[in-house]
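One structure is given here, and the rest of the page talks about it.
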Amino acid sequence: MSVGRHMEEDEVEKFCMRQMSDQESAPFEEHLLTCEDCRNRVLETDLHVSAMYHAATQVRGASQERPMWSWTLGAASSVAVASAVMAGAFLVRAPRNLELQEAHLYAMRGAAMGAKVTAQRPLLLIPDLTGLPAFPSYRLPVVDAVGKPLFTGEVTAADPTKKVTGVTTGIYFVRLSSPAGELLREYGLEAGR
Ligand SMILES: [Zn+2]
């Protein structure tokens with residue numbers, strides 16, 4: 001049974017940090033199948049949590065399984081942004097790996113899942129088109145965390161891959177859309193070092 005309402009902020013947080021029992025999270029998973037708003041919130045929070053996690057383990061230099069989160073998500077995302085800026089500075093001097101990497105963007109149980117990639121390496125976006133309405137082609141705009149367009153491509157069911165280069169460290173959203181521009185599915189993409 002779906003929970004029958006939108007998720008509260010603290011519920012999204014608990015859900016993303018896997019602090020819910022299966023029994024607790026089941027009604028939310030049901031709701032996420034049909035609610036794009038909540039799905040986007042979960043996806044964004046998920047990316048923030050994972051960016052925070054990386055930032056915190058880098059700062060601490062420790063290999064703890066899970067840091068203790070005592071700060072709010074808002075404060076922590078600025079930590080992640082600061083760390084992303086620092087990571088960018090390092091990348092300028094680091095040798096670049098030019099080998100093509102594949103980013104599989106899956107849809108599971110109706111919710112779009114993100115992919116983690118290495119920044120500055122050429123990237124092959126492979127969105128999962130399963131379950132989508134049939135179109136001759138699909139638009140594949142990629143925007144950054146504040147919605148600024150980075151790139152727009154096109155894929156077809158016969159060739160659902162698109163090569164992207166020059167992706168810098170950060171969080172992106174791949175907005176799989178119909179030819180008319182209607183958003184069909186949104187995937188998160190995290191480019192790190
Ligand atoms: Zn909702």
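For the structure tokens, the naming scheme is as follows: chains receive sequential letters (A, B, ...) according to their order of presentation, residues are indexed from 1 within each chain, and ligands are indexed from 1 in presentation order.
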
Throw together the list of residues within 8 Å of ligand 1, counting only C-alpha atoms and all ligand atoms, and drop it here as a compact mmCIF listing (two decimals) with N, CA, C and O atoms, in the first residue's frame.
# COMPACT_ATOMS: atom_id res chain seq x y z
N ARG A 5 0.52 10.04 0.32
CA ARG A 5 0.82 11.49 0.44
C ARG A 5 2.28 11.69 0.05
O ARG A 5 3.02 10.72 -0.10
N HIS A 6 2.68 12.96 -0.11
CA HIS A 6 4.09 13.24 -0.41
C HIS A 6 4.97 12.95 0.80
O HIS A 6 4.48 12.98 1.93
N MET A 7 6.22 12.69 0.53
CA MET A 7 7.15 12.40 1.62
C MET A 7 7.57 13.69 2.32
O MET A 7 7.81 14.70 1.67
N HIS A 31 4.88 4.78 -3.26
CA HIS A 31 4.55 6.16 -3.62
C HIS A 31 5.50 6.69 -4.69
O HIS A 31 5.09 7.38 -5.63
N LEU A 32 6.78 6.32 -4.58
CA LEU A 32 7.80 6.81 -5.52
C LEU A 32 7.56 6.30 -6.93
O LEU A 32 7.96 6.94 -7.90
N THR A 34 4.82 6.31 -8.46
CA THR A 34 3.83 7.13 -9.16
C THR A 34 4.06 8.62 -8.97
O THR A 34 3.39 9.43 -9.60
N CYS A 35 4.99 9.03 -8.10
CA CYS A 35 5.16 10.46 -7.83
C CYS A 35 6.53 10.93 -8.29
O CYS A 35 7.54 10.62 -7.67
N GLU A 36 6.54 11.70 -9.38
CA GLU A 36 7.80 12.18 -9.92
C GLU A 36 8.44 13.22 -9.00
O GLU A 36 9.66 13.27 -8.86
N ASP A 37 7.63 14.04 -8.36
CA ASP A 37 8.15 15.07 -7.44
C ASP A 37 9.02 14.43 -6.36
O ASP A 37 10.15 14.83 -6.13
N CYS A 38 8.44 13.44 -5.68
CA CYS A 38 9.16 12.81 -4.58
C CYS A 38 10.37 12.05 -5.11
O CYS A 38 11.41 12.01 -4.46
N ARG A 39 10.21 11.45 -6.30
CA ARG A 39 11.32 10.71 -6.90
C ARG A 39 12.51 11.64 -7.13
O ARG A 39 13.64 11.31 -6.82

When you look at segment 167-177 of chain A with a cut-off of 8 Å (counting only C-alpha atoms), what residues show up, excluding the ones that are within fewer than 4 positions of it in the same chain? I need them as number ranges by chain. A: 47, 81, 84-85, 87-88, 118-122, 127, 138-145, 181-193
